[in-house]
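Report on the following structure.
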Amino acid sequence: MTETACVSKSDRSVWPAGGDEMGALIRTYDWTSTPLGATESWPQTLRTAVDLALASPVAAIILWGPEHLQIYNALWTKLHPGKHPVALGKGTHDCFQELAGTLDPIYRRVSQGEGVVLTDSLLPVMRRGKIENAWWNVIYTPIRGDSGKVEGIFCTLAETTDKVLAEVALRESQQRQAFLLNLHDTTRRLSHPAQVQNAAMKLLAEYFDVMRATYFEVDPDQDTFRLTARYERDPAPIPEEMHLSDFSADIAEAYRQGRTLLMSDTEIEAQSETYRAAYRAISVRAWAAVPLVRKGQLVAIVGVQSRTPRQWAGPELRLLEDVAERTWANVELAQVEGTLAEELTAITRVHDLTERLLSITDLSTALGEVLDAAIVHYGADRGTVQFHDPEADVLRYAASRGFDPRDLYAIPPVDRDFHSTCAVAIRTRQRVIASDLITDPAWGDHAPTAATLGYRAAVSTPLKTRRDDLQGVLSVHFKDAHVPTESELRWADLYSRLAAHLIERGRAENALRQAEKNHRVRLEEEVANRTAELQVRVAERDALLQEVHHRVKNNLHVITSMLEMQARRSDDLAAVSQLEEACNRVMSISHIHELLYQSGSFSAVDLTAYAAMLVPQLVAFYDMQNRVEVVMEGESVSIDLERAVPCGLLLNELVSNACKHAFPSGETGRLKVRLAQADQWVHLSVQDSGVGLSPDFDFASSETLGLTIVRLLITQLGGHLSLRNGDGTTVEMKFLASLKRNQPG
């Protein structure tokens with residue numbers, strides 16, 4: 001009697017026992033319609049496998065016979081809801097036609113008695129009417145019949161799609177973060193916008209493994225875009241300049257709206273043979289581009305191009321968009337830093353010029369100094385200062401640079417009817433800009449003269465006093481075409497005011513000397529009158545110097561505002577901190593010029609008043625005014641103007657360090673600044689009641705920017721500095737109030 005025959009009829013009628021809904025379904029299923037026949041005739045190995053499957057805590061399925069007929073548990077139906085209940089009793093090839101080529105080799109191995117384990121294996125399945133990628137952990141175990149031959153397969157499975165996709169996403173995120181960190185580290189050390197663009201394009205092309213990455217800047221006309229940076233791993237031709245109007249209307253509109261565009265295969269997706277031929281000419285088969293729109297204007301386009309077709313993945317496009325945004329932000333930061341450097345250079349140049357003018361009495365020499373500074377500021381090649389002769393109503397040369405005087409004086413004096421930039425400036429009393437005298441038809445009459453004198457572009461600014469009196473014209477000339485920047489024009493106004501003041505003062509002095517010569521008999525009265533007039537002129541000179549300091553202060557405020565604006569727009573906390581510290585340093589210089597402007601003194605600064613202004617403002621900047629008491633002690637101390645700026649920066653660094661490090665975690669305390677003067681020495685101390693310095697702190701070897709600045713400034717002042725640590729930190733220093741006092745008489 002066979003093993004099957006040993007099962008009683010009553011046992012077969014309730015088999016399989018339990019098994020929830022699947023057990024009931026197996027009991028009621030018409031198995032006689034399948035090659036298996038009635039369950040009473042099933043071999044015991046199959047019945048045992050079914051019992052194991054129904055009791056399994058994981059999804060399980062039995063594949064029986066050469067047809068691989070399917071019997072499964074309830075957990076299996078949850079993994080394949082679209083297959084149940086049709087799959088019960090059916091061959092696996094009928095239910096999973098999409099996997100036939102993948103599963104057949106596995107089934108052959110199991111049929112030979114080999115157990116097979118698949119881990120995180122890709123087995124796509126039909127779901128919701130379409131093939132979807134799915135990953136699985138599967139164990140295939142052979143089931144042997146009474147004869148020892150493999151009759152079926154016992155399979156347990158668990159879907160790992162979510163885990164696999166999460167791991168893929170994690171790897172992509174890690175790669176993305178590593179790339180963005182590398183981009184940040186590479187570009188943050190670059191100071192020129194073109195360097196930032198080229199470095200970013202190199203990293204982009206290498207990461208995407210494409211032939212080229214490009215950065216285009218868009219002109220204000222919103223049609224022309226110019227190639228400003230590229231990196232080619234596989235060189236191919238590309239136009240240096242293109243136009244949106246050359247593209248199809250929908251692509252051009254998408255660019256203007258800031259929508260990311262792509263083509264996976266230009267041979268298939270290009271709208272016409274004309275466009276396909278254009279792509280072939282530059283060896284582009286696939287591309288992706290991110291337009292950058294700011295305040296409704298298209299400003300730049302960042303793109304990557306491939307020689308071969310390519311399916312652009314979503315994470316790739318998001319990374320490309322992120323790189324475009326970060327590159328634009330870094331370019332803007334480089335531009336701001338460049339503008340800041342230019343402004344600081346201009347401030348220094350004006351300051352040095354005004355210092356020199358104070359000691360120059362010769363008008364021609366003084367005007368030459370102003371002209372030299374204007375030429376350097378514009379980056380021009382030559383220039384002239386002409387004063388206006390009101391009696392003859394002509395311009396006469398007072399100073400020139402870069403011209404042969406014989407060439408200048410060979411030209412008749414310029415009158416109002418002469419068609420040159422300087423004559424038009426006198427006639428209109430407005431600045432005149434000729435960016436290209438050769439190509440601009442408006443200057444056709446003057447072009448031959450300009451060519452003879454060796455210039456192609458010119459900027460002429462009328463010299464007007466504070467009372468709007470016309471004194472002459474300052475002109476700068478360029479060998480090549482030139483369009484002046486806003487910064488050049490802004491500072492040029494100041495140079496023009498200086499030149500106008502000098503001419504006006506010179507004329508006043510000449511008038512005084514002529515009056516003395518012609519009216520000896522009325523010497524006392526005339527001298528008194530002219531002296532009074534001269535005093536007025538000197539007062540105007542002082543007013544001009546006051547204006548200079550006021551302008552410097554205002555420009556420093558502009559720089560501070562630019563830094564604050566950049567700090568607000570930056571997501572980089574380290575960059576924000578550096579920009580804020582730079583703001584404080586510029587602010588400390590600005591306060592010195594503000595005191596000079598308010599006091600009317602241009603030789604000395606009240607250091608006590610300056611400290612009383614700066615220290616509370618720094619404490620408030622670090623939001624510590626409600627927990628740190630500021631105490632100012634000592635007498636009124638004045639120092640020379642040339643020592644005020646380093647002293648102000650030194651006080652800024654010491655107070656900032658105290659605010660940042662002395663009172664952590666919301667601690668309260670006191671910050672005391674004391675000033676005193678003994679003979680020629682100024683004594684300055686900054687004392688806090690904070691946590692103090694760490695025992696291993698070494699001032700001389702500290703490499704922080706703030707303490708490096710402190711060491712440089714105390715050296716510049718020729719002073720001495722000492723530190724005391726106990727009940728907080730005390731920094732004491734002394735330096736000479738004036739270098740002049742220490743110089744031999």
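In the structure tokens, chains take letters A, B, ... by order of appearance, with residues numbered from 1 within each chain and ligands from 1 in the order shown.
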
For A:Val164, work out the shell of residues within 9 Å, counting only C-alpha atoms and skipping chain neighbours fewer than 4 positions away, then give it as a PDB file with N, CA, C and O atoms, in the first residue's frame.
```
ATOM      1  N   ASP A 120      18.457  40.446  -3.330  1.00  0.00           N
ATOM      2  CA  ASP A 120      18.250  41.752  -3.978  1.00  0.00           C
ATOM      3  C   ASP A 120      18.361  41.618  -5.486  1.00  0.00           C
ATOM      4  O   ASP A 120      19.044  42.404  -6.166  1.00  0.00           O
ATOM      5  N   TRP A 135      12.752  44.273  -6.943  1.00  0.00           N
ATOM      6  CA  TRP A 135      13.906  43.526  -6.444  1.00  0.00           C
ATOM      7  C   TRP A 135      13.438  42.582  -5.336  1.00  0.00           C
ATOM      8  O   TRP A 135      12.548  42.915  -4.532  1.00  0.00           O
ATOM      9  N   THR A 160      12.315  43.368  -1.841  1.00  0.00           N
ATOM     10  CA  THR A 160      13.279  44.320  -1.245  1.00  0.00           C
ATOM     11  C   THR A 160      13.390  45.597  -2.074  1.00  0.00           C
ATOM     12  O   THR A 160      14.382  46.320  -1.977  1.00  0.00           O
ATOM     13  N   VAL A 168      20.123  52.843  -3.352  1.00  0.00           N
ATOM     14  CA  VAL A 168      20.537  53.567  -4.564  1.00  0.00           C
ATOM     15  C   VAL A 168      20.443  55.068  -4.332  1.00  0.00           C
ATOM     16  O   VAL A 168      21.348  55.836  -4.679  1.00  0.00           O
ATOM     17  N   ALA A 169      19.310  55.489  -3.723  1.00  0.00           N
ATOM     18  CA  ALA A 169      19.137  56.923  -3.451  1.00  0.00           C
ATOM     19  C   ALA A 169      20.208  57.434  -2.500  1.00  0.00           C
ATOM     20  O   ALA A 169      20.713  58.554  -2.650  1.00  0.00           O
TER      21      ALA A 169
END
```

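Secondary structure of stretch 585-676 of chain A, strand (DSSP E) only (DSSP, backbone atoms): A:Ala604, A:Val605, A:Asp606, A:Val628, A:Glu629, A:Val630, A:Val631, A:Met632, A:Glu633, A:Gly634, A:Ser638, A:Ile639, A:Asp640, A:Gly669, A:Arg670, A:Leu671, A:Lys672, A:Val673, A:Arg674, A:Leu675, A:Ala676.
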
Selection from above, N, CA and C atoms, as a PDB file, in the first residue's frame, can you write it?
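Saved the output as again-v7.pdb:
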```pdb
ATOM      1  N   ALA A 604      43.398 115.138  13.104  1.00  0.00           N
ATOM      2  CA  ALA A 604      43.393 114.270  14.280  1.00  0.00           C
ATOM      3  C   ALA A 604      41.990 113.727  14.510  1.00  0.00           C
ATOM      4  N   VAL A 605      41.939 112.570  15.192  1.00  0.00           N
ATOM      5  CA  VAL A 605      40.675 111.899  15.503  1.00  0.00           C
ATOM      6  C   VAL A 605      40.563 111.749  17.014  1.00  0.00           C
ATOM      7  N   ASP A 606      39.382 112.062  17.543  1.00  0.00           N
ATOM      8  CA  ASP A 606      39.109 111.864  18.973  1.00  0.00           C
ATOM      9  C   ASP A 606      38.865 110.372  19.194  1.00  0.00           C
ATOM     10  N   VAL A 628      25.552  92.090  28.307  1.00  0.00           N
ATOM     11  CA  VAL A 628      26.934  92.525  28.504  1.00  0.00           C
ATOM     12  C   VAL A 628      26.941  94.036  28.736  1.00  0.00           C
ATOM     13  N   GLU A 629      27.425  94.428  29.884  1.00  0.00           N
ATOM     14  CA  GLU A 629      27.500  95.853  30.227  1.00  0.00           C
ATOM     15  C   GLU A 629      28.780  96.445  29.628  1.00  0.00           C
ATOM     16  N   VAL A 630      28.605  97.564  28.927  1.00  0.00           N
ATOM     17  CA  VAL A 630      29.740  98.258  28.326  1.00  0.00           C
ATOM     18  C   VAL A 630      30.143  99.413  29.237  1.00  0.00           C
ATOM     19  N   VAL A 631      31.414  99.445  29.607  1.00  0.00           N
ATOM     20  CA  VAL A 631      31.934 100.497  30.476  1.00  0.00           C
ATOM     21  C   VAL A 631      33.080 101.191  29.744  1.00  0.00           C
ATOM     22  N   MET A 632      32.988 102.504  29.594  1.00  0.00           N
ATOM     23  CA  MET A 632      34.038 103.302  28.974  1.00  0.00           C
ATOM     24  C   MET A 632      34.710 104.144  30.058  1.00  0.00           C
ATOM     25  N   GLU A 633      36.023 104.059  30.161  1.00  0.00           N
ATOM     26  CA  GLU A 633      36.761 104.794  31.179  1.00  0.00           C
ATOM     27  C   GLU A 633      37.910 105.561  30.531  1.00  0.00           C
ATOM     28  N   GLY A 634      38.334 106.614  31.242  1.00  0.00           N
ATOM     29  CA  GLY A 634      39.535 107.318  30.807  1.00  0.00           C
ATOM     30  C   GLY A 634      39.239 108.705  30.288  1.00  0.00           C
ATOM     31  N   SER A 638      43.364 111.996  21.608  1.00  0.00           N
ATOM     32  CA  SER A 638      43.362 112.256  20.164  1.00  0.00           C
ATOM     33  C   SER A 638      44.616 111.651  19.540  1.00  0.00           C
ATOM     34  N   ILE A 639      44.456 111.142  18.318  1.00  0.00           N
ATOM     35  CA  ILE A 639      45.592 110.569  17.597  1.00  0.00           C
ATOM     36  C   ILE A 639      45.587 111.106  16.174  1.00  0.00           C
ATOM     37  N   ASP A 640      46.774 111.017  15.515  1.00  0.00           N
ATOM     38  CA  ASP A 640      46.907 111.495  14.145  1.00  0.00           C
ATOM     39  C   ASP A 640      45.992 110.717  13.207  1.00  0.00           C
ATOM     40  N   GLY A 669      27.920  89.558  31.605  1.00  0.00           N
ATOM     41  CA  GLY A 669      29.211  90.034  32.081  1.00  0.00           C
ATOM     42  C   GLY A 669      29.415  91.499  31.741  1.00  0.00           C
ATOM     43  N   ARG A 670      30.665  91.898  31.781  1.00  0.00           N
ATOM     44  CA  ARG A 670      31.007  93.305  31.563  1.00  0.00           C
ATOM     45  C   ARG A 670      32.187  93.388  30.607  1.00  0.00           C
ATOM     46  N   LEU A 671      32.129  94.410  29.769  1.00  0.00           N
ATOM     47  CA  LEU A 671      33.206  94.694  28.824  1.00  0.00           C
ATOM     48  C   LEU A 671      33.650  96.138  29.062  1.00  0.00           C
ATOM     49  N   LYS A 672      34.908  96.296  29.494  1.00  0.00           N
ATOM     50  CA  LYS A 672      35.404  97.621  29.852  1.00  0.00           C
ATOM     51  C   LYS A 672      36.523  98.019  28.896  1.00  0.00           C
ATOM     52  N   VAL A 673      36.392  99.239  28.356  1.00  0.00           N
ATOM     53  CA  VAL A 673      37.414  99.809  27.485  1.00  0.00           C
ATOM     54  C   VAL A 673      37.949 101.068  28.169  1.00  0.00           C
ATOM     55  N   ARG A 674      39.268 101.107  28.346  1.00  0.00           N
ATOM     56  CA  ARG A 674      39.882 102.244  29.046  1.00  0.00           C
ATOM     57  C   ARG A 674      40.928 102.886  28.144  1.00  0.00           C
ATOM     58  N   LEU A 675      40.909 104.237  28.103  1.00  0.00           N
ATOM     59  CA  LEU A 675      41.841 105.011  27.300  1.00  0.00           C
ATOM     60  C   LEU A 675      42.547 106.035  28.179  1.00  0.00           C
ATOM     61  N   ALA A 676      43.838 106.190  27.979  1.00  0.00           N
ATOM     62  CA  ALA A 676      44.604 107.194  28.726  1.00  0.00           C
ATOM     63  C   ALA A 676      45.786 107.626  27.867  1.00  0.00           C
TER      64      ALA A 676
END
```

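Shortest separation to A:Gln175 among A:Pro315, A:Gly91, A:Thr354, A:Leu79 occurs at residue A:Pro315, atoms counted being only C-alpha atoms.
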
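Neighbours of A:Leu118 closer than or equal to 10 Å, with only C-alpha atoms counted and sequence neighbours fewer than 4 positions away skipped, come out as Ile106, Leu122, Trp135, Trp136, Asn137, Val138, Ile139, Tyr140 and Leu157 of chain A.
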
Can you write out as CSV which residues of stretch 307-350 of chain A fall within 10 Å of stretch 212-222 of chain A, alongside each residue's closest atom pair and its distance in Å to one decimal, counting only C-alpha atoms and ordering rows by chain and ascending residue number?
```
residue,atom,partner,partner_atom,distance
A:Arg307,CA,A:Arg212,CA,9.1
A:Ala324,CA,A:Tyr215,CA,8.8
A:Thr327,CA,A:Tyr215,CA,9.5
A:Trp328,CA,A:Tyr215,CA,9.8
```

Can those selected residues be exported to a file as a PDB file, in the first residue's frame so that it contains N, CA, C and O atoms?
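Ended up saving to part.pdb:
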```pdb
ATOM      1  N   ARG A 307      28.130  63.296 -27.134  1.00  0.00           N
ATOM      2  CA  ARG A 307      28.247  62.855 -28.531  1.00  0.00           C
ATOM      3  C   ARG A 307      27.286  61.713 -28.845  1.00  0.00           C
ATOM      4  O   ARG A 307      27.008  61.448 -30.011  1.00  0.00           O
ATOM      5  N   ALA A 324      24.086  74.781 -11.510  1.00  0.00           N
ATOM      6  CA  ALA A 324      23.863  76.061 -12.185  1.00  0.00           C
ATOM      7  C   ALA A 324      23.589  77.170 -11.175  1.00  0.00           C
ATOM      8  O   ALA A 324      24.156  78.264 -11.258  1.00  0.00           O
ATOM      9  N   THR A 327      26.779  77.886  -9.137  1.00  0.00           N
ATOM     10  CA  THR A 327      27.795  78.575  -9.934  1.00  0.00           C
ATOM     11  C   THR A 327      27.424  80.046 -10.096  1.00  0.00           C
ATOM     12  O   THR A 327      28.275  80.932  -9.969  1.00  0.00           O
ATOM     13  N   TRP A 328      26.141  80.316 -10.371  1.00  0.00           N
ATOM     14  CA  TRP A 328      25.706  81.705 -10.497  1.00  0.00           C
ATOM     15  C   TRP A 328      25.945  82.458  -9.187  1.00  0.00           C
ATOM     16  O   TRP A 328      26.427  83.596  -9.199  1.00  0.00           O
TER      17      TRP A 328
END
```

* Do a neighbour search on stretch 329-337 of chain A at 6 Å with only C-alpha atoms, toss out local chain neighbours closer than 6 positions, and write the hits as a list in words. => Ser191, His192 and Pro193 of chain A

* Asked: Could you work out how far atom CA of A:Trp287 lies from atom CA of A:Ala270, giving the answer in Å with one decimal?
  -> 11.4 Å

* Go through stretch 100-334 of chain A and collect every residue that DSSP, computed from the backbone, puts in alpha helix (DSSP H); the answer should be as a PyMOL selection string. => chain A and resi 100-111+161-187+193-208+249-257+266-269+273-281+314-334
